[in-house]
file work-v5.cif (mmCIF, C-alpha atoms)
data_query
loop_
_atom_site.group_PDB
_atom_site.id
_atom_site.type_symbol
_atom_site.label_atom_id
_atom_site.label_comp_id
_atom_site.auth_asym_id
_atom_site.auth_seq_id
_atom_site.Cartn_x
_atom_site.Cartn_y
_atom_site.Cartn_z
ATOM 1 C CA MET N 1 114.213 111.210 97.488
ATOM 2 C CA VAL N 2 111.836 114.084 98.233
ATOM 3 C CA PHE N 3 108.826 111.980 97.299
ATOM 4 C CA GLY N 4 109.939 109.105 99.519
ATOM 5 C CA ALA N 5 110.627 111.325 102.527
ATOM 6 C CA THR N 6 107.315 113.164 102.066
ATOM 7 C CA VAL N 7 105.366 109.897 101.963
ATOM 8 C CA SER N 8 107.057 108.832 105.205
ATOM 9 C CA GLY N 9 106.106 112.098 106.898
ATOM 10 C CA LEU N 10 102.481 111.985 105.717
ATOM 11 C CA ALA N 11 102.051 108.327 106.707
ATOM 12 C CA ALA N 12 103.270 109.049 110.230
ATOM 13 C CA LEU N 13 100.642 111.778 110.562
ATOM 14 C CA VAL N 14 97.859 109.324 109.694
ATOM 15 C CA TYR N 15 98.802 106.421 111.988
ATOM 16 C CA PRO N 16 97.229 107.962 115.118
ATOM 17 C CA HIS N 17 93.872 108.149 113.354
ATOM 18 C CA VAL N 18 93.745 104.542 112.082
ATOM 19 C CA THR N 19 91.412 102.348 114.138
ATOM 20 C CA VAL N 20 90.734 99.273 111.975
ATOM 21 C CA VAL N 21 93.075 96.594 110.610
ATOM 22 C CA TRP N 22 92.260 97.015 106.913
ATOM 23 C CA ALA N 23 93.022 100.740 107.096
ATOM 24 C CA PHE N 24 96.259 100.023 108.933
ATOM 25 C CA LEU N 25 97.376 97.582 106.234
ATOM 26 C CA LEU N 26 96.405 100.049 103.509
ATOM 27 C CA LEU N 27 98.446 102.750 105.230
ATOM 28 C CA ARG N 28 101.391 100.364 105.533
ATOM 29 C CA PHE N 29 101.136 99.735 101.797
ATOM 30 C CA PHE N 30 101.227 103.490 101.162
ATOM 31 C CA HIS N 31 104.093 103.915 103.626
ATOM 32 C CA GLY N 32 106.062 101.301 101.685
ATOM 33 C CA PHE N 33 106.502 103.774 98.838
ATOM 34 C CA SER N 34 108.853 105.729 101.096
ATOM 35 C CA THR N 35 111.228 102.789 101.488
ATOM 36 C CA GLY N 36 110.966 102.104 97.772
ATOM 37 C CA PHE N 37 111.789 105.638 96.639
ATOM 38 C CA LYS N 38 114.074 107.136 99.288
ATOM 39 C CA PRO N 39 116.820 104.470 99.708
ATOM 40 C CA THR N 40 116.941 103.817 95.969
ATOM 41 C CA GLY N 41 117.270 107.494 95.130
ATOM 42 C CA THR N 42 119.798 108.107 97.907
ATOM 43 C CA ALA N 43 122.060 105.211 96.925
ATOM 44 C CA ALA N 44 121.972 106.320 93.282
ATOM 45 C CA TYR N 45 122.732 109.918 94.342
ATOM 46 C CA VAL N 46 125.726 108.798 96.416
ATOM 47 C CA GLY N 47 126.898 106.755 93.435
ATOM 48 C CA ASP N 48 126.667 109.868 91.247
ATOM 49 C CA ILE N 49 128.762 112.099 93.504
ATOM 50 C CA ALA N 50 131.269 109.578 94.892
ATOM 51 C CA PRO N 51 134.645 109.341 93.114
ATOM 52 C CA LEU N 52 135.229 105.964 91.462
ATOM 53 C CA LEU N 53 138.196 105.164 93.692
ATOM 54 C CA LYS N 54 136.190 105.907 96.849
ATOM 55 C CA ARG N 55 132.828 104.340 96.120
ATOM 56 C CA GLY N 56 133.210 101.665 98.763
ATOM 57 C CA GLU N 57 134.152 104.276 101.346
ATOM 58 C CA ALA N 58 131.179 106.424 100.322
ATOM 59 C CA MET N 59 128.746 103.517 100.599
ATOM 60 C CA GLY N 60 130.260 102.707 103.975
ATOM 61 C CA ILE N 61 129.442 106.212 105.198
ATOM 62 C CA PHE N 62 125.974 105.926 103.651
ATOM 63 C CA GLY N 63 125.378 102.647 105.473
ATOM 64 C CA LEU N 64 126.870 104.005 108.696
ATOM 65 C CA PHE N 65 124.308 106.795 108.935
ATOM 66 C CA GLY N 66 121.507 104.480 107.865
ATOM 67 C CA SER N 67 122.400 102.080 110.666
ATOM 68 C CA MET N 68 122.632 104.929 113.160
ATOM 69 C CA GLY N 69 119.148 106.072 112.186
ATOM 70 C CA MET N 70 117.706 102.589 112.568
ATOM 71 C CA ALA N 71 119.415 102.206 115.949
ATOM 72 C CA ILE N 72 118.568 105.628 117.382
ATOM 73 C CA GLY N 73 115.018 105.768 115.993
ATOM 74 C CA PRO N 74 113.554 102.876 118.024
ATOM 75 C CA ALA N 75 115.330 104.056 121.172
ATOM 76 C CA ILE N 76 114.009 107.619 120.884
ATOM 77 C CA GLY N 77 110.604 106.367 119.765
ATOM 78 C CA SER N 78 110.246 104.095 122.781
ATOM 79 C CA TYR N 79 111.237 106.930 125.110
ATOM 80 C CA ILE N 80 108.752 109.380 123.575
ATOM 81 C CA ALA N 81 105.969 106.788 123.630
ATOM 82 C CA SER N 82 106.538 106.055 127.339
ATOM 83 C CA ALA N 83 107.158 109.666 128.390
ATOM 84 C CA ALA N 84 104.341 111.203 126.316
ATOM 85 C CA SER N 85 102.166 108.981 124.121
ATOM 86 C CA LEU N 86 102.215 106.740 121.072
ATOM 87 C CA ASN N 87 100.573 109.491 119.028
ATOM 88 C CA THR N 88 103.298 111.939 120.021
ATOM 89 C CA MET N 89 105.867 109.430 118.830
ATOM 90 C CA PHE N 90 104.206 109.265 115.401
ATOM 91 C CA TYR N 91 104.014 113.055 115.133
ATOM 92 C CA THR N 92 107.693 113.333 116.060
ATOM 93 C CA SER N 93 108.516 110.748 113.412
ATOM 94 C CA SER N 94 106.622 112.827 110.865
ATOM 95 C CA LEU N 95 108.592 115.916 111.871
ATOM 96 C CA MET N 96 111.900 114.091 111.369
ATOM 97 C CA ALA N 97 110.847 112.988 107.881
ATOM 98 C CA LEU N 98 109.789 116.491 106.912
ATOM 99 C CA LEU N 99 113.084 117.894 108.223
ATOM 100 C CA SER N 100 114.856 115.560 105.816
ATOM 101 C CA VAL N 101 112.793 117.119 103.012
ATOM 102 C CA VAL N 102 114.166 120.518 104.044
ATOM 103 C CA ILE N 103 117.708 119.145 103.785
ATOM 104 C CA LEU N 104 116.972 117.632 100.379
ATOM 105 C CA ALA N 105 115.635 120.968 99.120
ATOM 106 C CA GLY N 106 119.125 122.433 99.476
ATOM 107 C CA MET N 107 120.908 119.636 97.611
ATOM 108 C CA ARG N 108 122.128 119.893 94.025
ATOM 109 C CA GLU N 109 120.508 117.599 91.473
ATOM 110 C CA THR N 110 123.011 115.216 89.849
ATOM 111 C CA LEU N 111 120.875 114.196 86.884
ATOM 112 C CA VAL N 112 121.832 116.310 83.872
ATOM 113 C CA ASN N 113 119.077 115.459 81.404
ATOM 114 C CA ARG N 114 115.918 115.668 83.468
ATOM 115 C CA GLU N 115 112.415 115.071 82.157
ATOM 116 C CA LYS N 116 109.138 116.560 83.317
ATOM 117 C CA PHE N 117 106.741 114.083 84.847
ATOM 118 C CA ARG N 118 104.229 112.503 82.473
ATOM 119 C CA PRO N 119 101.490 109.939 83.239
ATOM 120 C CA ASP N 120 103.192 107.392 80.963
ATOM 121 C CA HIS N 121 106.151 107.385 83.374
ATOM 122 C CA LEU N 122 103.942 105.303 85.665
ATOM 123 C CA LYS N 123 103.903 102.483 83.118
ATOM 124 C CA ILE N 124 106.472 99.941 84.282
ATOM 125 C CA ASN N 125 108.190 97.504 81.935
ATOM 126 C CA TRP N 126 110.457 94.587 82.855
ATOM 127 C CA ALA N 127 113.462 96.605 81.666
ATOM 128 C CA ASP N 128 112.588 99.274 84.252
ATOM 129 C CA VAL N 129 112.940 96.926 87.223
ATOM 130 C CA TYR N 130 115.759 94.634 86.111
ATOM 131 C CA GLU N 131 119.283 95.656 85.182
ATOM 132 C CA PRO N 132 121.224 92.577 83.940
ATOM 133 C CA ARG N 133 124.563 94.286 84.517
ATOM 134 C CA VAL N 134 124.140 93.998 88.302
ATOM 135 C CA LEU N 135 123.026 90.351 88.374
ATOM 136 C CA TYR N 136 126.096 89.111 90.261
ATOM 137 C CA PRO N 137 125.959 91.505 93.233
ATOM 138 C CA SER N 138 122.169 91.134 93.353
ATOM 139 C CA VAL N 139 122.297 87.330 93.567
ATOM 140 C CA THR N 140 124.995 87.582 96.239
ATOM 141 C CA LEU N 141 122.878 90.032 98.214
ATOM 142 C CA LEU N 142 119.754 87.880 97.953
ATOM 143 C CA LEU N 143 121.559 84.794 99.299
ATOM 144 C CA THR N 144 123.222 86.697 102.141
ATOM 145 C CA MET N 145 120.019 88.466 103.200
ATOM 146 C CA LEU N 146 118.171 85.266 104.116
ATOM 147 C CA PRO N 147 119.960 85.211 107.504
ATOM 148 C CA PHE N 148 118.756 88.771 108.126
ATOM 149 C CA GLY N 149 115.148 87.743 107.524
ATOM 150 C CA ALA N 150 115.566 84.797 109.890
ATOM 151 C CA VAL N 151 117.065 86.994 112.604
ATOM 152 C CA LEU N 152 114.256 89.544 112.317
ATOM 153 C CA THR N 153 111.700 86.760 112.714
ATOM 154 C CA LEU N 154 113.248 84.545 115.387
ATOM 155 C CA ALA N 155 115.552 86.692 117.528
ATOM 156 C CA PRO N 156 112.662 88.003 119.708
ATOM 157 C CA ASP N 157 111.475 84.443 120.506
ATOM 158 C CA PHE N 158 115.052 83.349 121.138
ATOM 159 C CA SER N 159 115.493 86.298 123.523
ATOM 160 C CA ASP N 160 112.397 85.263 125.477
ATOM 161 C CA TYR N 161 113.612 81.673 125.726
ATOM 162 C CA LEU N 162 116.963 82.813 127.158
ATOM 163 C CA GLY N 163 115.175 85.009 129.703
ATOM 164 C CA MET N 164 116.382 88.336 128.334
ATOM 165 C CA GLY N 165 114.228 91.192 129.577
ATOM 166 C CA ASN N 166 114.833 93.326 126.482
ATOM 167 C CA ARG N 167 113.815 91.620 123.234
ATOM 168 C CA GLY N 168 115.678 94.265 121.249
ATOM 169 C CA LEU N 169 119.087 93.720 122.854
ATOM 170 C CA TYR N 170 120.228 91.381 120.067
ATOM 171 C CA PHE N 171 119.386 94.027 117.452
ATOM 172 C CA THR N 172 121.059 96.792 119.461
ATOM 173 C CA THR N 173 124.237 94.727 119.799
ATOM 174 C CA PHE N 174 124.137 93.817 116.122
ATOM 175 C CA THR N 175 123.699 97.459 115.065
ATOM 176 C CA ILE N 176 126.537 98.749 117.267
ATOM 177 C CA ALA N 177 128.871 96.053 115.936
ATOM 178 C CA SER N 178 128.024 96.987 112.350
ATOM 179 C CA LEU N 179 128.560 100.743 112.687
ATOM 180 C CA GLY N 180 132.330 101.130 112.638
ATOM 181 C CA ILE N 181 133.038 98.157 110.393
ATOM 182 C CA ARG N 182 130.972 99.626 107.532
ATOM 183 C CA PHE N 183 133.390 102.497 106.991
ATOM 184 C CA ILE N 184 136.460 100.242 107.267
ATOM 185 C CA ALA N 185 135.014 97.573 104.953
ATOM 186 C CA GLY N 186 134.062 100.156 102.343
ATOM 187 C CA LYS N 187 137.610 101.526 102.209
ATOM 188 C CA ALA N 188 139.020 97.996 102.119
ATOM 189 C CA SER N 189 136.861 97.089 99.118
ATOM 190 C CA ASP N 190 138.235 100.135 97.288
ATOM 191 C CA LYS N 191 141.776 98.920 97.913
ATOM 192 C CA PHE N 192 141.540 95.135 97.682
ATOM 193 C CA GLY N 193 138.404 94.628 95.584
ATOM 194 C CA ARG N 194 134.755 93.858 96.236
ATOM 195 C CA VAL N 195 135.110 90.062 96.167
ATOM 196 C CA ALA N 196 138.036 90.048 98.602
ATOM 197 C CA VAL N 197 135.897 91.758 101.265
ATOM 198 C CA LEU N 198 132.836 89.611 100.514
ATOM 199 C CA ARG N 199 134.880 86.473 101.228
ATOM 200 C CA PHE N 200 135.334 87.646 104.810
ATOM 201 C CA SER N 201 131.883 89.152 105.263
ATOM 202 C CA ILE N 202 130.092 85.932 104.300
ATOM 203 C CA PHE N 203 132.393 83.946 106.608
ATOM 204 C CA PHE N 204 131.240 86.137 109.507
ATOM 205 C CA LEU N 205 127.594 85.746 108.470
ATOM 206 C CA VAL N 206 127.861 81.945 108.479
ATOM 207 C CA ALA N 207 129.692 81.972 111.820
ATOM 208 C CA ALA N 208 127.014 84.280 113.233
ATOM 209 C CA MET N 209 124.193 81.951 112.240
ATOM 210 C CA ILE N 210 125.890 78.910 113.778
ATOM 211 C CA THR N 211 126.731 80.783 116.991
ATOM 212 C CA THR N 212 123.228 82.229 117.280
ATOM 213 C CA GLY N 213 121.367 79.044 116.408
ATOM 214 C CA PHE N 214 123.225 76.899 118.936
ATOM 215 C CA SER N 215 123.221 79.485 121.730
ATOM 216 C CA THR N 216 122.496 78.233 125.231
ATOM 217 C CA SER N 217 123.324 81.423 127.115
ATOM 218 C CA VAL N 218 122.837 85.151 126.756
ATOM 219 C CA TRP N 219 126.539 85.877 126.212
ATOM 220 C CA GLN N 220 126.727 83.308 123.399
ATOM 221 C CA PHE N 221 123.575 84.733 121.844
ATOM 222 C CA LEU N 222 124.994 88.257 121.909
ATOM 223 C CA THR N 223 128.314 86.988 120.541
ATOM 224 C CA GLY N 224 126.298 85.802 117.556
ATOM 225 C CA ALA N 225 124.865 89.320 117.294
ATOM 226 C CA VAL N 226 128.369 90.819 117.211
ATOM 227 C CA LEU N 227 129.472 88.411 114.471
ATOM 228 C CA PHE N 228 126.279 89.155 112.561
ATOM 229 C CA GLY N 229 126.874 92.895 112.857
ATOM 230 C CA ILE N 230 130.433 92.543 111.557
ATOM 231 C CA GLY N 231 129.333 90.364 108.646
ATOM 232 C CA THR N 232 126.447 92.619 107.660
ATOM 233 C CA GLY N 233 128.553 95.757 108.142
ATOM 234 C CA MET N 234 131.131 94.419 105.700
ATOM 235 C CA ASN N 235 128.622 92.960 103.272
ATOM 236 C CA SER N 236 126.258 95.869 102.633
ATOM 237 C CA PRO N 237 128.594 98.732 101.584
ATOM 238 C CA THR N 238 130.676 96.347 99.481
ATOM 239 C CA ILE N 239 127.714 95.008 97.500
ATOM 240 C CA TYR N 240 126.254 98.513 97.155
ATOM 241 C CA ALA N 241 129.538 99.784 95.709
ATOM 242 C CA TRP N 242 129.836 96.713 93.473
ATOM 243 C CA THR N 243 126.348 97.385 92.130
ATOM 244 C CA ILE N 244 127.242 100.967 91.288
ATOM 245 C CA ASP N 245 130.487 99.787 89.649
ATOM 246 C CA LEU N 246 128.620 97.521 87.258
ATOM 247 C CA SER N 247 125.619 99.779 86.580
ATOM 248 C CA ASP N 248 125.234 101.691 83.362
ATOM 249 C CA GLU N 249 125.758 105.347 84.303
ATOM 250 C CA ARG N 250 122.649 106.252 82.322
ATOM 251 C CA HIS N 251 120.539 103.772 84.324
ATOM 252 C CA ARG N 252 122.208 103.791 87.720
ATOM 253 C CA GLY N 253 118.859 104.118 89.485
ATOM 254 C CA ARG N 254 117.642 100.994 87.685
ATOM 255 C CA GLY N 255 120.703 99.094 88.850
ATOM 256 C CA ILE N 256 120.170 100.202 92.448
ATOM 257 C CA ALA N 257 116.485 99.265 92.203
ATOM 258 C CA THR N 258 117.413 95.776 91.006
ATOM 259 C CA MET N 259 119.734 95.393 93.979
ATOM 260 C CA TYR N 260 117.048 96.552 96.431
ATOM 261 C CA ILE N 261 114.555 94.105 94.953
ATOM 262 C CA ALA N 262 117.062 91.320 95.625
ATOM 263 C CA LEU N 263 117.517 92.640 99.165
ATOM 264 C CA GLU N 264 113.785 92.689 99.903
ATOM 265 C CA VAL N 265 113.249 89.236 98.364
ATOM 266 C CA GLY N 266 116.115 87.855 100.432
ATOM 267 C CA ILE N 267 114.806 89.304 103.696
ATOM 268 C CA GLY N 268 111.215 88.294 102.957
ATOM 269 C CA LEU N 269 112.136 84.776 101.882
ATOM 270 C CA GLY N 270 114.373 84.365 104.915
ATOM 271 C CA ALA N 271 111.592 85.474 107.249
ATOM 272 C CA LEU N 272 109.037 83.229 105.550
ATOM 273 C CA LEU N 273 111.214 80.115 105.571
ATOM 274 C CA ALA N 274 112.456 80.733 109.104
ATOM 275 C CA GLY N 275 108.939 81.095 110.471
ATOM 276 C CA TRP N 276 107.761 77.987 108.625
ATOM 277 C CA LEU N 277 110.714 75.813 109.682
ATOM 278 C CA TYR N 278 110.573 77.075 113.262
ATOM 279 C CA GLY N 279 106.872 76.308 113.715
ATOM 280 C CA ASN N 280 106.925 77.580 117.335
ATOM 281 C CA HIS N 281 109.172 74.673 118.375
ATOM 282 C CA PHE N 282 112.315 75.994 119.999
ATOM 283 C CA SER N 283 114.141 72.724 119.334
ATOM 284 C CA HIS N 284 114.064 73.679 115.640
ATOM 285 C CA MET N 285 116.171 76.817 116.184
ATOM 286 C CA PRO N 286 119.587 75.209 115.496
ATOM 287 C CA PHE N 287 118.308 73.690 112.254
ATOM 288 C CA VAL N 288 116.722 76.951 111.056
ATOM 289 C CA PHE N 289 119.826 79.048 111.651
ATOM 290 C CA SER N 290 122.053 76.342 110.190
ATOM 291 C CA PHE N 291 119.860 76.334 107.080
ATOM 292 C CA VAL N 292 120.053 80.093 106.472
ATOM 293 C CA GLY N 293 123.770 79.951 107.271
ATOM 294 C CA PHE N 294 124.137 77.313 104.552
ATOM 295 C CA VAL N 295 122.274 79.567 102.099
ATOM 296 C CA ALA N 296 124.716 82.371 102.947
ATOM 297 C CA PHE N 297 127.563 79.918 102.326
ATOM 298 C CA LEU N 298 126.082 79.310 98.867
ATOM 299 C CA GLY N 299 126.546 83.049 98.379
ATOM 300 C CA TRP N 300 130.248 82.565 99.134
ATOM 301 C CA VAL N 301 130.412 79.720 96.607
ATOM 302 C CA PHE N 302 128.659 81.906 94.032
ATOM 303 C CA VAL N 303 131.139 84.738 94.574
ATOM 304 C CA GLU N 304 134.143 82.418 94.362
ATOM 305 C CA LEU N 305 133.070 80.496 91.276
ATOM 306 C CA ILE N 306 131.105 83.062 89.295
ATOM 307 C CA GLY N 307 130.977 86.495 90.891
ATOM 308 C CA LYS N 308 134.736 87.100 90.886
ATOM 309 C CA LYS N 309 134.599 87.248 87.090
ATOM 310 C CA LYS N 310 132.975 90.665 87.554
ATOM 311 C CA ASP N 311 135.124 91.811 90.477
ATOM 312 C CA VAL N 312 136.134 95.463 90.606
ATOM 313 C CA ILE N 313 139.342 96.628 92.304
ATOM 314 C CA PRO N 314 139.241 100.444 92.184
ATOM 315 C CA SER N 315 142.816 100.892 93.464
ATOM 316 C CA GLN N 316 144.152 99.141 90.359
ATOM 317 C CA LEU N 317 142.351 101.632 88.126
ATOM 318 C CA ARG N 318 144.932 104.265 89.055
ATOM 319 C CA GLN N 319 147.394 102.544 86.746
#

call {"tool": "encode", "arguments": {"input": "work-v5.cif", "output": "structure tokens"}}
result
Amino acid sequence: MVFGATVSGLAALVYPHVTVVWAFLLLRFFHGFSTGFKPTGTAAYVGDIAPLLKRGEAMGIFGLFGSMGMAIGPAIGSYIASAASLNTMFYTSSLMALLSVVILAGMRETLVNREKFRPDHLKINWADVYEPRVLYPSVTLLLTMLPFGAVLTLAPDFSDYLGMGNRGLYFTTFTIASLGIRFIAGKASDKFGRVAVLRFSIFFLVAAMITTGFSTSVWQFLTGAVLFGIGTGMNSPTIYAWTIDLSDERHRGRGIATMYIALEVGIGLGALLAGWLYGNHFSHMPFVFSFVGFVAFLGWVFVELIGKKKDVIPSQLRQ
């Protein structure tokens, strides 16, 4: 976690001094280590300290603050950039990352048997990046993240077509809708099981894609954002908790890493396919969103037919 946060802070300090594309892309590559290390370490840490019967609730809180950061960050960043300068925004971002390092310095390590760093730790084997125990939640996450990739890619163009002045309004609406539901969904998954909540979350995701893709007005478009926020807000903490449930306690970080790989592949594949199918023809929008909605529906089928074999209902473990 410290390494990831430090990389984020250092990268933000360098952005103002980058003047050519190749250097920018190289810096982005370096910056990517922060999103590889920090979320993985944080999710594993939360899994370590959260009681078994409250894992869903804990992951809901974890997701709640993550969503708040992603919602507040762009808003504050835009204000600083307009009121001061783009460079000031980057320096402020660096300060925030370094403040998180200060917080981390005061946290207790949960790993009992720690090892000192050795160069051979950098050698990565297939077993280090894939944990078979978490295959079911990872496949579910991959299928349900394709809509997210499509939204990231096409929502700005859709906003322009509908004449919305703010291209980020869909994302703001989506984030607000997802905030409160994360905490509620996490607690519900602890009581009724992970699969029970996923049934509803994927339903909302599919409904969101259909509503968004066939939107002809701003209010309908933003209704799709609300449905998408509810679906994502229910989906994420539940799958995170499910992943921790199934992970080997000795390799919990590996299980979380496997899940995050599925998440990134899902988002990337969704963005790639959406951009290709869209092809800058707005008439293709309904088809594109229907397609990613169908892929999310396949996630529902997977959960119903296969995934429920590995369902975890923490409330029943009391008995």

call {"tool": "atom_distance", "arguments": {"input": "work-v5.cif", "atom1": "atom CA of Lys38 of chain N", "atom2": "atom CA of Gly4 of chain N"}}
result
4.6 Å

call {"tool": "resolve_selection", "arguments": {"input": "work-v5.cif", "expression": "the PyMOL selection byres ((chain N and resi 298) around 12)", "output": "list in words"}}
result
Val139, Thr140, Leu141, Leu142, Leu143, Thr144, Met145, Leu146, Arg199, Ile202, Phe203, Leu205, Val206, Phe291, Val292, Gly293, Phe294, Val295, Ala296, Phe297, Gly299, Trp300, Val301, Phe302, Val303, Glu304, Leu305, Ile306 and Gly307 of chain N

call {"tool": "resolve_selection", "arguments": {"input": "work-v5.cif", "expression": "the PyMOL selection byres ((chain N and resi 179-185) around 7)", "output": "list in words"}}
result
Glu57, Gly60, Ile61, Gly63, Leu64, Ser67, Thr175, Ile176, Ala177, Ser178, Gly186, Lys187, Ala188, Ser189, Val197, Ile230, Gly233, Met234 and Pro237 of chain N

call {"tool": "resolve_selection", "arguments": {"input": "work-v5.cif", "expression": "the PyMOL selection byres ((chain N and resi 289) around 8)", "output": "list in words"}}
result
Pro147, Ala150, Met209, Ile210, Thr212, Gly213, Ala274, Met285, Pro286, Phe287, Val288, Ser290, Phe291, Val292 and Gly293 of chain N

call {"tool": "closest_residue", "arguments": {"input": "work-v5.cif", "among": "N:Leu53, N:Tyr79, N:Ser93, N:Val20", "to": "Gln316 of chain N", "atoms": "all atoms listed in the file"}}
result
N:Leu53

call {"tool": "residues_around", "arguments": {"input": "work-v5.cif", "residues": "Thr42 of chain N", "least_positions_apart": "3", "cutoff": "10 Å", "atoms": "all atoms listed in the file", "output": "short mmCIF file (atom, residue, chain, number, x, y, z; two decimals) with C-alpha atoms, in the frame of the given file"}}
result
data_model
loop_
_atom_site.label_atom_id
_atom_site.label_comp_id
_atom_site.auth_asym_id
_atom_site.auth_seq_id
_atom_site.Cartn_x
_atom_site.Cartn_y
_atom_site.Cartn_z
CA MET N 1 114.21 111.21 97.49
CA VAL N 2 111.84 114.08 98.23
CA PHE N 37 111.79 105.64 96.64
CA LYS N 38 114.07 107.14 99.29
CA PRO N 39 116.82 104.47 99.71
CA TYR N 45 122.73 109.92 94.34
CA VAL N 46 125.73 108.80 96.42
CA GLY N 47 126.90 106.76 93.44
CA ASP N 48 126.67 109.87 91.25
CA PHE N 62 125.97 105.93 103.65
CA GLY N 253 118.86 104.12 89.48
CA ILE N 256 120.17 100.20 92.45
#

call {"tool": "closest_residue", "arguments": {"input": "work-v5.cif", "among": "N:Thr223, N:Thr232, N:Thr153, N:Asn125", "to": "Asn280 of chain N", "atoms": "only C-alpha atoms"}}
result
N:Thr153

call {"tool": "atom_distance", "arguments": {"input": "work-v5.cif", "atom1": "atom CA of Gly224 of chain N", "atom2": "atom CA of Gly73 of chain N"}}
result
23.0 Å

call {"tool": "atom_distance", "arguments": {"input": "work-v5.cif", "atom1": "atom CA of Gly229 of chain N", "atom2": "atom CA of Ser201 of chain N"}}
result
9.8 Å

call {"tool": "closest_residue", "arguments": {"input": "work-v5.cif", "among": "N:Asp311, N:Ser217, N:Ala257, N:Ala155", "to": "Tyr278 of chain N", "atoms": "only C-alpha atoms"}}
result
N:Ala155

call {"tool": "closest_residue", "arguments": {"input": "work-v5.cif", "among": "N:Trp22, N:Val14, N:Ser138, N:Met59", "to": "Ala44 of chain N", "atoms": "all atoms listed in the file"}}
result
N:Met59

call {"tool": "closest_residue", "arguments": {"input": "work-v5.cif", "among": "N:Pro137, N:Gly168, N:Gly163, N:Gly106", "to": "Thr238 of chain N", "atoms": "all atoms listed in the file"}}
result
N:Pro137

call {"tool": "residues_near_point", "arguments": {"input": "work-v5.cif", "point": "(123.7, 104.4, 85.7)", "cutoff": "12 Å", "atoms": "all atoms listed in the file", "output": "list of chain:residue names"}}
result
N:Gly41, N:Ala43, N:Ala44, N:Tyr45, N:Val46, N:Gly47, N:Asp48, N:Thr110, N:Leu111, N:Glu131, N:Arg133, N:Val134, N:Thr243, N:Ile244, N:Asp245, N:Leu246, N:Ser247, N:Asp248, N:Glu249, N:Arg250, N:His251, N:Arg252, N:Gly253, N:Arg254, N:Gly255, N:Ile256, N:Ala257, N:Thr258

call {"tool": "closest_residue", "arguments": {"input": "work-v5.cif", "among": "N:Met68, N:Leu13, N:Lys116, N:Lys54", "to": "Phe174 of chain N", "atoms": "all atoms listed in the file"}}
result
N:Met68
